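Asker: Contents of target.cif (mmCIF, C-alpha atoms) are given next:
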data_structure
loop_
_atom_site.group_PDB
_atom_site.id
_atom_site.type_symbol
_atom_site.label_atom_id
_atom_site.label_comp_id
_atom_site.auth_asym_id
_atom_site.auth_seq_id
_atom_site.Cartn_x
_atom_site.Cartn_y
_atom_site.Cartn_z
ATOM 1 C CA MET L 484 108.593 93.908 87.811
ATOM 2 C CA GLN L 485 105.400 95.913 87.367
ATOM 3 C CA PHE L 486 105.066 96.204 91.115
ATOM 4 C CA MET L 487 108.688 97.334 91.433
ATOM 5 C CA ALA L 488 108.212 99.981 88.727
ATOM 6 C CA TRP L 489 105.098 101.201 90.512
ATOM 7 C CA LEU L 490 106.916 101.282 93.861
ATOM 8 C CA GLU L 491 109.855 103.208 92.402
ATOM 9 C CA ALA L 492 107.508 105.772 90.818
ATOM 10 C CA SER L 493 105.439 106.109 94.001
ATOM 11 C CA ALA L 494 105.497 109.155 96.297
ATOM 12 C CA LEU L 495 107.613 107.103 98.704
ATOM 13 C CA GLY L 496 110.216 106.456 95.990
ATOM 14 C CA HIS L 497 110.352 110.135 95.060
ATOM 15 C CA ALA L 498 110.664 111.172 98.699
ATOM 16 C CA MET L 499 113.543 108.735 99.207
ATOM 17 C CA ARG L 500 115.412 110.115 96.181
ATOM 18 C CA ASP L 501 114.635 113.814 96.383
ATOM 19 C CA THR L 502 114.784 114.826 100.035
ATOM 20 C CA GLY L 503 118.486 115.262 100.614
ATOM 21 C CA VAL L 504 121.757 113.376 100.613
ATOM 22 C CA TRP L 505 121.280 111.905 104.101
ATOM 23 C CA THR L 506 117.764 110.466 103.584
ATOM 24 C CA TYR L 507 118.815 106.985 102.506
ATOM 25 C CA ALA L 508 121.443 106.747 105.257
ATOM 26 C CA VAL L 509 119.015 107.743 108.015
ATOM 27 C CA VAL L 510 116.273 105.405 106.756
ATOM 28 C CA ASN L 511 118.877 102.636 106.491
ATOM 29 C CA LEU L 512 119.919 103.310 110.102
ATOM 30 C CA SER L 513 116.282 103.122 111.228
ATOM 31 C CA HIS L 514 115.867 99.848 109.336
ATOM 32 C CA ILE L 515 118.819 98.384 111.217
ATOM 33 C CA LEU L 516 117.405 99.601 114.533
ATOM 34 C CA GLY L 517 114.082 97.963 113.655
ATOM 35 C CA VAL L 518 115.729 94.678 112.687
ATOM 36 C CA ALA L 519 117.934 94.748 115.805
ATOM 37 C CA THR L 520 114.905 95.311 118.032
ATOM 38 C CA LEU L 521 112.967 92.540 116.291
ATOM 39 C CA PHE L 522 115.759 89.998 116.311
ATOM 40 C CA GLY L 523 117.103 90.828 119.775
ATOM 41 C CA SER L 524 113.669 90.199 121.245
ATOM 42 C CA ILE L 525 112.749 87.181 119.143
ATOM 43 C CA LEU L 526 116.113 85.500 119.811
ATOM 44 C CA VAL L 527 115.564 85.573 123.570
ATOM 45 C CA LEU L 528 111.945 84.426 123.227
ATOM 46 C CA ASP L 529 112.772 81.597 120.817
ATOM 47 C CA LEU L 530 115.658 80.357 122.966
ATOM 48 C CA ARG L 531 113.302 80.334 125.957
ATOM 49 C CA LEU L 532 110.755 78.342 123.934
ATOM 50 C CA LEU L 533 113.583 75.966 123.009
ATOM 51 C CA GLY L 534 114.270 75.379 126.685
ATOM 52 C CA VAL L 535 117.025 77.830 127.606
ATOM 53 C CA TRP L 536 116.473 79.699 130.936
ATOM 54 C CA ARG L 537 113.630 77.370 131.867
ATOM 55 C CA GLN L 538 113.773 78.656 135.458
ATOM 56 C CA ILE L 539 112.297 81.976 134.242
ATOM 57 C CA PRO L 540 108.532 81.575 133.711
ATOM 58 C CA LEU L 541 107.593 82.096 130.052
ATOM 59 C CA GLY L 542 104.738 84.340 131.190
ATOM 60 C CA TYR L 543 107.247 86.869 132.595
ATOM 61 C CA LEU L 544 109.097 87.128 129.298
ATOM 62 C CA SER L 545 106.444 86.842 126.610
ATOM 63 C CA LYS L 546 104.706 90.214 126.994
ATOM 64 C CA PRO L 547 107.751 92.536 126.776
ATOM 65 C CA LEU L 548 109.515 90.408 124.159
ATOM 66 C CA VAL L 549 106.489 90.108 121.851
ATOM 67 C CA THR L 550 105.771 93.840 122.208
ATOM 68 C CA MET L 551 109.361 94.776 121.342
ATOM 69 C CA ALA L 552 109.528 92.282 118.469
ATOM 70 C CA ALA L 553 106.296 93.652 116.989
ATOM 71 C CA SER L 554 107.530 97.262 117.347
ATOM 72 C CA GLY L 555 110.846 96.410 115.692
ATOM 73 C CA PHE L 556 109.059 94.560 112.904
ATOM 74 C CA THR L 557 106.764 97.525 112.225
ATOM 75 C CA LEU L 558 109.701 99.953 112.053
ATOM 76 C CA ALA L 559 111.609 97.551 109.785
ATOM 77 C CA VAL L 560 108.651 97.176 107.389
ATOM 78 C CA ILE L 561 108.061 100.928 107.056
ATOM 79 C CA THR L 562 111.732 101.810 106.551
ATOM 80 C CA GLY L 563 112.313 98.730 104.391
ATOM 81 C CA ALA L 564 109.584 99.853 101.993
ATOM 82 C CA GLY L 565 111.442 103.164 101.650
ATOM 83 C CA LEU L 566 114.815 101.516 101.006
ATOM 84 C CA LEU L 567 113.310 99.235 98.375
ATOM 85 C CA ALA L 568 111.335 102.062 96.720
ATOM 86 C CA THR L 569 114.510 104.156 96.181
ATOM 87 C CA LYS L 570 115.578 102.043 93.186
ATOM 88 C CA ALA L 571 113.064 99.182 93.270
ATOM 89 C CA THR L 572 113.567 98.051 89.667
ATOM 90 C CA GLU L 573 117.278 97.430 90.291
ATOM 91 C CA TYR L 574 116.399 94.660 92.731
ATOM 92 C CA VAL L 575 114.445 92.622 90.183
ATOM 93 C CA GLY L 576 116.354 89.360 89.777
ATOM 94 C CA ASN L 577 118.284 89.751 93.033
ATOM 95 C CA PRO L 578 118.209 86.163 94.351
ATOM 96 C CA PHE L 579 118.397 87.208 98.012
ATOM 97 C CA LEU L 580 115.131 89.107 97.687
ATOM 98 C CA TYR L 581 113.425 85.837 96.716
ATOM 99 C CA ILE L 582 114.813 84.191 99.854
ATOM 100 C CA LYS L 583 114.107 87.087 102.195
ATOM 101 C CA PHE L 584 110.430 87.747 101.513
ATOM 102 C CA PRO L 585 109.245 84.104 101.618
ATOM 103 C CA ALA L 586 111.214 83.717 104.882
ATOM 104 C CA ILE L 587 109.391 86.740 106.337
ATOM 105 C CA ALA L 588 106.050 85.333 105.142
ATOM 106 C CA LEU L 589 106.804 81.968 106.778
ATOM 107 C CA GLY L 590 107.901 83.751 109.950
ATOM 108 C CA LEU L 591 104.584 85.604 110.091
ATOM 109 C CA VAL L 592 102.562 82.431 109.479
ATOM 110 C CA ASN L 593 104.524 80.867 112.327
ATOM 111 C CA VAL L 594 103.666 83.835 114.598
ATOM 112 C CA LEU L 595 100.008 83.270 113.782
ATOM 113 C CA LEU L 596 100.285 79.539 114.528
ATOM 114 C CA ILE L 597 102.028 80.166 117.858
ATOM 115 C CA HIS L 598 99.466 82.706 118.984
ATOM 116 C CA ARG L 599 96.592 80.416 118.022
ATOM 117 C CA SER L 600 98.073 77.370 119.709
ATOM 118 C CA ALA L 601 96.572 76.055 122.938
ATOM 119 C CA PRO L 602 99.829 76.130 124.966
ATOM 120 C CA TRP L 603 100.520 79.768 124.029
ATOM 121 C CA LYS L 604 96.980 80.778 124.974
ATOM 122 C CA ALA L 605 97.394 79.015 128.326
ATOM 123 C CA HIS L 606 101.003 79.877 129.189
ATOM 124 C CA ARG L 607 100.195 82.892 131.382
ATOM 125 C CA THR L 608 97.585 81.078 133.446
ATOM 126 C CA ARG L 609 99.033 77.607 134.138
ATOM 127 C CA GLU L 610 102.039 75.299 133.958
ATOM 128 C CA LEU L 611 102.484 73.736 130.535
ATOM 129 C CA SER L 612 102.824 69.984 130.128
ATOM 130 C CA SER L 613 106.083 68.743 128.633
ATOM 131 C CA GLN L 614 104.186 67.887 125.451
ATOM 132 C CA GLU L 615 102.941 71.461 125.204
ATOM 133 C CA GLN L 616 106.443 72.741 125.881
ATOM 134 C CA SER L 617 107.866 70.725 123.013
ATOM 135 C CA GLN L 618 105.112 71.995 120.719
ATOM 136 C CA LEU L 619 106.178 75.561 121.538
ATOM 137 C CA ALA L 620 109.847 74.573 121.210
ATOM 138 C CA ARG L 621 109.281 73.347 117.647
ATOM 139 C CA MET L 622 107.588 76.604 116.714
ATOM 140 C CA GLY L 623 110.332 78.592 118.467
ATOM 141 C CA GLY L 624 112.936 76.749 116.398
ATOM 142 C CA THR L 625 110.979 77.447 113.217
ATOM 143 C CA SER L 626 110.792 81.108 114.188
ATOM 144 C CA LEU L 627 114.542 81.343 114.733
ATOM 145 C CA ALA L 628 115.222 79.680 111.374
ATOM 146 C CA CYS L 629 112.812 82.027 109.551
ATOM 147 C CA TRP L 630 114.164 85.271 111.009
ATOM 148 C CA LEU L 631 117.815 84.232 110.719
ATOM 149 C CA THR L 632 117.189 83.407 107.052
ATOM 150 C CA ALA L 633 115.304 86.660 106.437
ATOM 151 C CA ILE L 634 118.025 88.796 108.041
ATOM 152 C CA SER L 635 120.908 86.946 106.385
ATOM 153 C CA ALA L 636 119.309 87.154 102.938
ATOM 154 C CA GLY L 637 118.354 90.782 103.569
ATOM 155 C CA ARG L 638 121.923 91.754 104.395
ATOM 156 C CA MET L 639 123.159 89.976 101.256
ATOM 157 C CA ILE L 640 120.836 91.939 98.925
ATOM 158 C CA GLY L 641 123.345 94.796 98.806
ATOM 159 C CA TYR L 642 126.193 92.469 97.911
ATOM 160 C CA TRP L 643 124.698 91.025 94.767
ATOM 161 C CA MET V 1181 119.834 70.688 125.940
ATOM 162 C CA SER V 1182 120.055 74.460 126.358
ATOM 163 C CA LYS V 1183 123.860 74.548 126.066
ATOM 164 C CA GLN V 1184 123.660 72.557 122.849
ATOM 165 C CA ILE V 1185 121.231 75.088 121.424
ATOM 166 C CA LEU V 1186 123.524 78.000 122.272
ATOM 167 C CA VAL V 1187 126.445 76.185 120.645
ATOM 168 C CA ALA V 1188 124.326 75.512 117.541
ATOM 169 C CA CYS V 1189 123.357 79.205 117.283
ATOM 170 C CA GLY V 1190 127.002 80.237 117.608
ATOM 171 C CA ALA V 1191 127.969 77.802 114.852
ATOM 172 C CA VAL V 1192 125.318 79.231 112.506
ATOM 173 C CA ALA V 1193 126.526 82.782 113.201
ATOM 174 C CA LEU V 1194 130.146 81.804 112.495
ATOM 175 C CA ALA V 1195 129.119 80.033 109.283
ATOM 176 C CA LEU V 1196 127.615 83.289 108.009
ATOM 177 C CA VAL V 1197 130.830 85.314 108.454
ATOM 178 C CA PRO V 1198 132.674 84.185 105.290
ATOM 179 C CA LEU V 1199 129.521 84.937 103.256
ATOM 180 C CA ALA V 1200 129.707 88.527 104.424
ATOM 181 C CA ALA V 1201 133.438 88.782 103.805
ATOM 182 C CA SER V 1202 133.285 87.605 100.184
ATOM 183 C CA ALA V 1203 130.594 90.068 99.213
ATOM 184 C CA HIS V 1204 130.901 93.094 96.931
ATOM 185 C CA HIS V 1205 129.479 96.020 98.892
ATOM 186 C CA GLY V 1206 133.051 97.101 99.537
ATOM 187 C CA TRP V 1207 135.808 97.087 96.974
ATOM 188 C CA GLY V 1208 136.473 93.349 97.114
ATOM 189 C CA GLY V 1209 134.608 92.716 93.851
ATOM 190 C CA GLN V 1210 136.620 95.314 91.987
ATOM 191 C CA SER V 1211 139.831 94.972 90.004
ATOM 192 C CA ASP V 1212 142.997 96.003 91.866
ATOM 193 C CA GLN V 1213 144.031 98.140 88.940
ATOM 194 C CA VAL V 1214 143.034 101.787 88.672
ATOM 195 C CA THR V 1215 142.054 102.645 85.111
ATOM 196 C CA GLU V 1216 140.698 105.642 83.236
ATOM 197 C CA MET V 1217 138.136 105.845 80.487
ATOM 198 C CA THR V 1218 136.439 108.618 78.583
ATOM 199 C CA GLY V 1219 132.797 108.511 77.532
ATOM 200 C CA THR V 1220 129.532 110.348 77.035
ATOM 201 C CA VAL V 1221 127.083 110.861 79.880
ATOM 202 C CA VAL V 1222 123.837 108.933 79.232
ATOM 203 C CA ASP V 1223 122.363 109.371 82.725
ATOM 204 C CA THR V 1224 123.317 112.281 84.931
ATOM 205 C CA VAL V 1225 124.610 112.240 88.508
ATOM 206 C CA ARG V 1226 121.987 110.871 90.897
ATOM 207 C CA LEU V 1227 122.430 111.247 94.637
ATOM 208 C CA ALA V 1228 119.955 108.532 95.616
ATOM 209 C CA GLY V 1229 120.452 105.225 97.364
ATOM 210 C CA PRO V 1230 123.529 103.894 99.156
ATOM 211 C CA HIS V 1231 125.887 105.261 96.488
ATOM 212 C CA ALA V 1232 125.576 108.132 94.044
ATOM 213 C CA THR V 1233 125.538 106.925 90.438
ATOM 214 C CA MET V 1234 125.780 108.050 86.836
ATOM 215 C CA LYS V 1235 125.902 106.225 83.520
ATOM 216 C CA ILE V 1236 128.325 106.839 80.659
ATOM 217 C CA ASN V 1237 128.748 105.315 77.235
ATOM 218 C CA ALA V 1238 132.354 104.295 76.629
ATOM 219 C CA ASP V 1239 133.723 101.894 74.004
ATOM 220 C CA GLY V 1240 130.173 101.048 72.959
ATOM 221 C CA HIS V 1241 129.097 99.902 76.424
ATOM 222 C CA VAL V 1242 126.896 101.684 78.927
ATOM 223 C CA TRP V 1243 128.856 101.779 82.170
ATOM 224 C CA ASP V 1244 127.393 102.081 85.641
ATOM 225 C CA ILE V 1245 129.590 104.646 87.351
ATOM 226 C CA THR V 1246 129.385 104.037 91.089
ATOM 227 C CA LEU V 1247 130.397 107.127 93.042
ATOM 228 C CA ALA V 1248 130.810 107.727 96.794
ATOM 229 C CA PRO V 1249 127.769 107.774 99.122
ATOM 230 C CA PRO V 1250 125.467 110.747 98.347
ATOM 231 C CA ALA V 1251 126.698 113.123 101.074
ATOM 232 C CA ARG V 1252 130.362 112.585 100.225
ATOM 233 C CA THR V 1253 129.781 112.838 96.460
ATOM 234 C CA SER V 1254 127.856 116.055 96.999
ATOM 235 C CA SER V 1255 130.580 117.602 99.142
ATOM 236 C CA ALA V 1256 133.109 116.721 96.425
ATOM 237 C CA GLY V 1257 131.111 119.106 94.225
ATOM 238 C CA LEU V 1258 129.086 116.567 92.258
ATOM 239 C CA LYS V 1259 125.483 117.625 92.913
ATOM 240 C CA ASP V 1260 122.312 115.933 91.684
ATOM 241 C CA GLY V 1261 122.155 116.410 87.904
ATOM 242 C CA ALA V 1262 125.562 118.168 87.899
ATOM 243 C CA ILE V 1263 126.716 116.900 84.498
ATOM 244 C CA PRO V 1264 124.147 117.016 81.671
ATOM 245 C CA VAL V 1265 123.497 114.077 79.357
ATOM 246 C CA GLY V 1266 125.687 114.212 76.258
ATOM 247 C CA GLN V 1267 128.715 115.738 77.975
ATOM 248 C CA THR V 1268 132.096 114.065 77.676
ATOM 249 C CA VAL V 1269 133.678 112.975 80.936
ATOM 250 C CA THR V 1270 136.740 111.024 81.995
ATOM 251 C CA VAL V 1271 136.386 108.711 84.971
ATOM 252 C CA ARG V 1272 139.113 107.064 87.004
ATOM 253 C CA GLY V 1273 138.525 104.058 89.228
ATOM 254 C CA ASN V 1274 138.431 100.293 89.656
ATOM 255 C CA ARG V 1275 136.283 98.327 87.254
ATOM 256 C CA ASN V 1276 134.236 95.303 88.290
ATOM 257 C CA ARG V 1277 136.287 92.101 88.358
ATOM 258 C CA ASP V 1278 133.520 90.434 86.375
ATOM 259 C CA MET V 1279 134.346 91.391 82.783
ATOM 260 C CA ASN V 1280 130.674 90.998 81.811
ATOM 261 C CA LYS V 1281 129.664 93.704 84.280
ATOM 262 C CA PHE V 1282 130.314 97.183 82.995
ATOM 263 C CA GLU V 1283 130.544 98.859 86.358
ATOM 264 C CA MET V 1284 133.304 100.995 87.835
ATOM 265 C CA LYS V 1285 133.767 102.184 91.397
ATOM 266 C CA THR V 1286 134.953 105.647 90.636
ATOM 267 C CA VAL V 1287 137.344 107.818 92.616
ATOM 268 C CA GLN V 1288 137.547 110.779 90.244
ATOM 269 C CA VAL V 1289 135.384 112.355 87.544
ATOM 270 C CA ARG V 1290 136.795 114.980 85.171
ATOM 271 C CA TRP V 1291 134.537 117.192 83.054
ATOM 272 C CA GLY V 1292 136.136 119.944 80.980
ATOM 273 C CA ASP V 1293 138.458 121.760 83.359
ATOM 274 C CA LYS V 1294 136.501 120.560 86.415
ATOM 275 C CA LYS V 1295 137.772 117.735 88.590
ATOM 276 C CA PHE V 1296 135.734 115.931 91.235
ATOM 277 C CA ASP V 1297 137.616 113.716 93.667
ATOM 278 C CA VAL V 1298 134.820 111.730 95.270
ATOM 279 C CA TYR V 1299 137.240 109.460 97.150
#
Could you rewrite the structure in this file as structure tokens?

Answerer:
Amino acid sequence: MQFMAWLEASALGHAMRDTGVWTYAVVNLSHILGVATLFGSILVLDLRLLGVWRQIPLGYLSKPLVTMAASGFTLAVITGAGLLATKATEYVGNPFLYIKFPAIALGLVNVLLIHRSAPWKAHRTRELSSQEQSQLARMGGTSLACWLTAISAGRMIGYW
Amino acid sequence: MSKQILVACGAVALALVPLAASAHHGWGGQSDQVTEMTGTVVDTVRLAGPHATMKINADGHVWDITLAPPARTSSAGLKDGAIPVGQTVTVRGNRNRDMNKFEMKTVQVRWGDKKFDVY
């Protein structure tokens, strides 16, 4: 609650409220573009980790997809902070918020685990064993679950 | 294996559809009946967020008056801070179906001889 009050009173909160009637709409649009970029990329990557399109080498896909996912995530975080700051205190007690942010946190921990894993570090330089592939598949499945949960809960915030 | 995964993803997506349809961002959570009430402004018109808002005190309850999105509310003549606190207004709209929620999606605000048709 204290954090939300601080966020609402912040310069970001004031800017969101006092810079014209289209501000919220445009920031909301940018948030959707960020989420679409993030999820569009991560969906393809996670399905590949889960074994779809196995004929395409993972090394061909990982660089562009991770770059786009990270760009989308960054845009979504910046614009999301603005949307939340507009009337932050009104979201206190919104149950979907308490699903969304832990799901994002888990998703980020999972990103860290994937990037630190031996098969991910090796995937551009050699064939992965089937054991390594299933390790990546498990983390890809976790990723999909985290981001689907975060996006679903995020969309529901406005309907509470 | 891969086909099963695609089918599973499709099933999850479909399962989420009714959630979206039952939600209240639209008018689904509002009463079908259009009603009017008169009260005193306790928080002026604010053109911030997804919908413009104001608060009025009517029948001893503070009502959240949900107006149109900011741009549309503004072009209906209701600017930020348009109606000062303490003024008497009459609002017309659909109240929240939940009788414990004092919230009305408002189509018209009347103040003195002024009339604002936001929807």

Asker: Evaluate the PyMOL selection byres ((chain V and resi 1266) around 10) here and jot the selected residues down as a list in words.

Answerer: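 What the PyMOL selection byres ((chain V and resi 1266) around 10) grabs from the file is Gly1219, Thr1220, Val1221, Val1222, Asp1223, Thr1224, Ile1236, Asn1237, Ile1263, Pro1264, Val1265, Gln1267, Thr1268 and Val1269 of chain V.
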
Asker: Considering only C-alpha atoms, give me a table of residues in chain L that are at most 12 Å from chain V, with the closest atom pair and distance in Å for each, as JSON lines.

Answerer:
{"residue": "L:Glu491", "atom": "CA", "partner": "V:Ala1228", "partner_atom": "CA", "distance": 11.9}
{"residue": "L:Gly496", "atom": "CA", "partner": "V:Ala1228", "partner_atom": "CA", "distance": 10.0}
{"residue": "L:His497", "atom": "CA", "partner": "V:Ala1228", "partner_atom": "CA", "distance": 9.8}
{"residue": "L:Ala498", "atom": "CA", "partner": "V:Ala1228", "partner_atom": "CA", "distance": 10.1}
{"residue": "L:Met499", "atom": "CA", "partner": "V:Ala1228", "partner_atom": "CA", "distance": 7.4}
{"residue": "L:Arg500", "atom": "CA", "partner": "V:Ala1228", "partner_atom": "CA", "distance": 4.8}
{"residue": "L:Asp501", "atom": "CA", "partner": "V:Ala1228", "partner_atom": "CA", "distance": 7.5}
{"residue": "L:Thr502", "atom": "CA", "partner": "V:Ala1228", "partner_atom": "CA", "distance": 9.3}
{"residue": "L:Gly503", "atom": "CA", "partner": "V:Leu1227", "partner_atom": "CA", "distance": 8.2}
{"residue": "L:Val504", "atom": "CA", "partner": "V:Ala1251", "partner_atom": "CA", "distance": 5.0}
{"residue": "L:Trp505", "atom": "CA", "partner": "V:Ala1251", "partner_atom": "CA", "distance": 6.3}
{"residue": "L:Thr506", "atom": "CA", "partner": "V:Ala1228", "partner_atom": "CA", "distance": 8.5}
{"residue": "L:Tyr507", "atom": "CA", "partner": "V:Gly1229", "partner_atom": "CA", "distance": 5.7}
{"residue": "L:Ala508", "atom": "CA", "partner": "V:Pro1230", "partner_atom": "CA", "distance": 7.1}
{"residue": "L:Val509", "atom": "CA", "partner": "V:Pro1230", "partner_atom": "CA", "distance": 10.7}
{"residue": "L:Val510", "atom": "CA", "partner": "V:Gly1229", "partner_atom": "CA", "distance": 10.3}
{"residue": "L:Asn511", "atom": "CA", "partner": "V:Pro1230", "partner_atom": "CA", "distance": 8.8}
{"residue": "L:Leu512", "atom": "CA", "partner": "V:Pro1230", "partner_atom": "CA", "distance": 11.5}
{"residue": "L:Leu526", "atom": "CA", "partner": "V:Cys1189", "partner_atom": "CA", "distance": 9.9}
{"residue": "L:Val527", "atom": "CA", "partner": "V:Leu1186", "partner_atom": "CA", "distance": 11.1}
{"residue": "L:Asp529", "atom": "CA", "partner": "V:Ile1185", "partner_atom": "CA", "distance": 10.7}
{"residue": "L:Leu530", "atom": "CA", "partner": "V:Ile1185", "partner_atom": "CA", "distance": 7.8}
{"residue": "L:Arg531", "atom": "CA", "partner": "V:Ser1182", "partner_atom": "CA", "distance": 9.0}
{"residue": "L:Leu532", "atom": "CA", "partner": "V:Ser1182", "partner_atom": "CA", "distance": 10.4}
{"residue": "L:Leu533", "atom": "CA", "partner": "V:Ser1182", "partner_atom": "CA", "distance": 7.4}
{"residue": "L:Gly534", "atom": "CA", "partner": "V:Ser1182", "partner_atom": "CA", "distance": 5.9}
{"residue": "L:Val535", "atom": "CA", "partner": "V:Ser1182", "partner_atom": "CA", "distance": 4.7}
{"residue": "L:Trp536", "atom": "CA", "partner": "V:Ser1182", "partner_atom": "CA", "distance": 7.8}
{"residue": "L:Arg537", "atom": "CA", "partner": "V:Ser1182", "partner_atom": "CA", "distance": 8.9}
{"residue": "L:Gln538", "atom": "CA", "partner": "V:Ser1182", "partner_atom": "CA", "distance": 11.8}
{"residue": "L:Gly565", "atom": "CA", "partner": "V:Gly1229", "partner_atom": "CA", "distance": 10.2}
{"residue": "L:Leu566", "atom": "CA", "partner": "V:Gly1229", "partner_atom": "CA", "distance": 7.7}
{"residue": "L:Leu567", "atom": "CA", "partner": "V:Gly1229", "partner_atom": "CA", "distance": 9.4}
{"residue": "L:Ala568", "atom": "CA", "partner": "V:Gly1229", "partner_atom": "CA", "distance": 9.7}
{"residue": "L:Thr569", "atom": "CA", "partner": "V:Gly1229", "partner_atom": "CA", "distance": 6.2}
{"residue": "L:Lys570", "atom": "CA", "partner": "V:Gly1229", "partner_atom": "CA", "distance": 7.2}
{"residue": "L:Ala571", "atom": "CA", "partner": "V:Gly1229", "partner_atom": "CA", "distance": 10.4}
{"residue": "L:Glu573", "atom": "CA", "partner": "V:Gly1229", "partner_atom": "CA", "distance": 11.0}
{"residue": "L:Ala620", "atom": "CA", "partner": "V:Ile1185", "partner_atom": "CA", "distance": 11.4}
{"residue": "L:Gly623", "atom": "CA", "partner": "V:Ile1185", "partner_atom": "CA", "distance": 11.8}
{"residue": "L:Gly624", "atom": "CA", "partner": "V:Ile1185", "partner_atom": "CA", "distance": 9.8}
{"residue": "L:Leu627", "atom": "CA", "partner": "V:Cys1189", "partner_atom": "CA", "distance": 9.4}
{"residue": "L:Ala628", "atom": "CA", "partner": "V:Cys1189", "partner_atom": "CA", "distance": 10.1}
{"residue": "L:Leu631", "atom": "CA", "partner": "V:Ala1193", "partner_atom": "CA", "distance": 9.2}
{"residue": "L:Thr632", "atom": "CA", "partner": "V:Leu1196", "partner_atom": "CA", "distance": 10.5}
{"residue": "L:Ile634", "atom": "CA", "partner": "V:Leu1196", "partner_atom": "CA", "distance": 11.1}
{"residue": "L:Ser635", "atom": "CA", "partner": "V:Leu1196", "partner_atom": "CA", "distance": 7.8}
{"residue": "L:Ala636", "atom": "CA", "partner": "V:Leu1199", "partner_atom": "CA", "distance": 10.5}
{"residue": "L:Gly637", "atom": "CA", "partner": "V:Ala1200", "partner_atom": "CA", "distance": 11.6}
{"residue": "L:Arg638", "atom": "CA", "partner": "V:Ala1200", "partner_atom": "CA", "distance": 8.4}
{"residue": "L:Met639", "atom": "CA", "partner": "V:Ala1200", "partner_atom": "CA", "distance": 7.4}
{"residue": "L:Ile640", "atom": "CA", "partner": "V:His1205", "partner_atom": "CA", "distance": 9.6}
{"residue": "L:Gly641", "atom": "CA", "partner": "V:His1205", "partner_atom": "CA", "distance": 6.3}
{"residue": "L:Tyr642", "atom": "CA", "partner": "V:His1204", "partner_atom": "CA", "distance": 4.8}
{"residue": "L:Trp643", "atom": "CA", "partner": "V:His1204", "partner_atom": "CA", "distance": 6.9}

Asker: Once the PyMOL selection byres ((chain V and resi 1247) around 9) has been evaluated on this model, what residues remain selected, and can you format them as a CSV table (one decimal) with C-alpha atoms, in the coordinates of the input?

Answerer:
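Once everything was written out, this is result.csv:
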chain,number,residue,atom,x,y,z
V,1225,VAL,CA,124.6,112.2,88.5
V,1231,HIS,CA,125.9,105.3,96.5
V,1232,ALA,CA,125.6,108.1,94.0
V,1233,THR,CA,125.5,106.9,90.4
V,1234,MET,CA,125.8,108.0,86.8
V,1245,ILE,CA,129.6,104.6,87.4
V,1246,THR,CA,129.4,104.0,91.1
V,1248,ALA,CA,130.8,107.7,96.8
V,1249,PRO,CA,127.8,107.8,99.1
V,1250,PRO,CA,125.5,110.7,98.3
V,1253,THR,CA,129.8,112.8,96.5
V,1284,MET,CA,133.3,101.0,87.8
V,1285,LYS,CA,133.8,102.2,91.4
V,1286,THR,CA,135.0,105.6,90.6
V,1287,VAL,CA,137.3,107.8,92.6
V,1288,GLN,CA,137.5,110.8,90.2
V,1298,VAL,CA,134.8,111.7,95.3
V,1299,TYR,CA,137.2,109.5,97.2

Asker: Find the distance between atom CA of Arg599 of chain L and atom CA of Leu611 of chain L and write it in Å to one decimal.

Answerer: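 Value for the atom CA of Arg599 of chain L-atom CA of Leu611 of chain L distance: 15.4 Å.
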
Asker: For atom CA of Pro578 of chain L and atom CA of Asn593 of chain L, quote the distance in Å rounded to one decimal.

Answerer: 23.2 Å

Asker: What does the distance between atom CA of Trp1207 of chain V and atom CA of Asn1276 of chain V come to in Å, to one decimal place?

Answerer: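 It comes out at 9.0 Å.
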
Asker: Check the smallest atom-to-atom distance from each of L:Ile539, L:Leu589, L:Leu544, L:Met551 to Gly523 of chain L using only C-alpha atoms, then report the winner.

Answerer: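 Closest to Gly523 of chain L, using only C-alpha atoms: L:Met551.
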
Asker: Using only C-alpha atoms, which of the listed residues (L:Ala605, L:Val549, L:Ile597, L:Met487) sits closest to Thr520 of chain L?

Answerer: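 Under the stated criterion, the closest residue is L:Val549.
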
Asker: Name every residue that the PyMOL selection byres ((chain L and resi 517) around 10) selects in this structure, writing the answer as a VMD selection string with chains first and numbers rising.

Answerer: chain L and resid 511 to 516 518 to 523 551 to 563

Asker: Please return, as a ChimeraX atom specification, all polymer residues that have at least one atom within 6 Å of the point (107.1, 82.8, 115.3); use all atoms listed in the file and the file's own coordinate frame.

Answerer: /L:590,593-594,626

Asker: If you keep C-alpha atoms, can you produce a file of those selected residues as a compact mmCIF listing (two decimals), in the coordinates of the input?

Answerer:
# COMPACT_ATOMS: atom_id res chain seq x y z
CA GLY L 590 107.90 83.75 109.95
CA ASN L 593 104.52 80.87 112.33
CA VAL L 594 103.67 83.84 114.60
CA SER L 626 110.79 81.11 114.19

Asker: Since the input is missing atoms for segment 570-574 of chain L, could you rebuild it with N, CA and C atoms and give the result as an mmCIF file, keeping the file's coordinate frame?

Answerer:
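Full text of result-v4.cif as output:
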data_model
loop_
_atom_site.group_PDB
_atom_site.id
_atom_site.type_symbol
_atom_site.label_atom_id
_atom_site.label_comp_id
_atom_site.auth_asym_id
_atom_site.auth_seq_id
_atom_site.Cartn_x
_atom_site.Cartn_y
_atom_site.Cartn_z
ATOM 1 N N LYS L 570 115.237 102.515 94.532
ATOM 2 C CA LYS L 570 115.578 102.043 93.186
ATOM 3 C C LYS L 570 115.004 100.630 93.009
ATOM 4 N N ALA L 571 113.700 100.503 93.194
ATOM 5 C CA ALA L 571 113.064 99.182 93.270
ATOM 6 C C ALA L 571 113.376 98.292 92.070
ATOM 7 N N THR L 572 113.398 98.879 90.871
ATOM 8 C CA THR L 572 113.567 98.051 89.667
ATOM 9 C C THR L 572 114.948 97.405 89.610
ATOM 10 N N GLU L 573 115.933 98.014 90.310
ATOM 11 C CA GLU L 573 117.278 97.430 90.291
ATOM 12 C C GLU L 573 117.356 96.135 91.077
ATOM 13 N N TYR L 574 116.357 95.871 91.910
ATOM 14 C CA TYR L 574 116.399 94.660 92.731
ATOM 15 C C TYR L 574 115.703 93.474 92.057
#
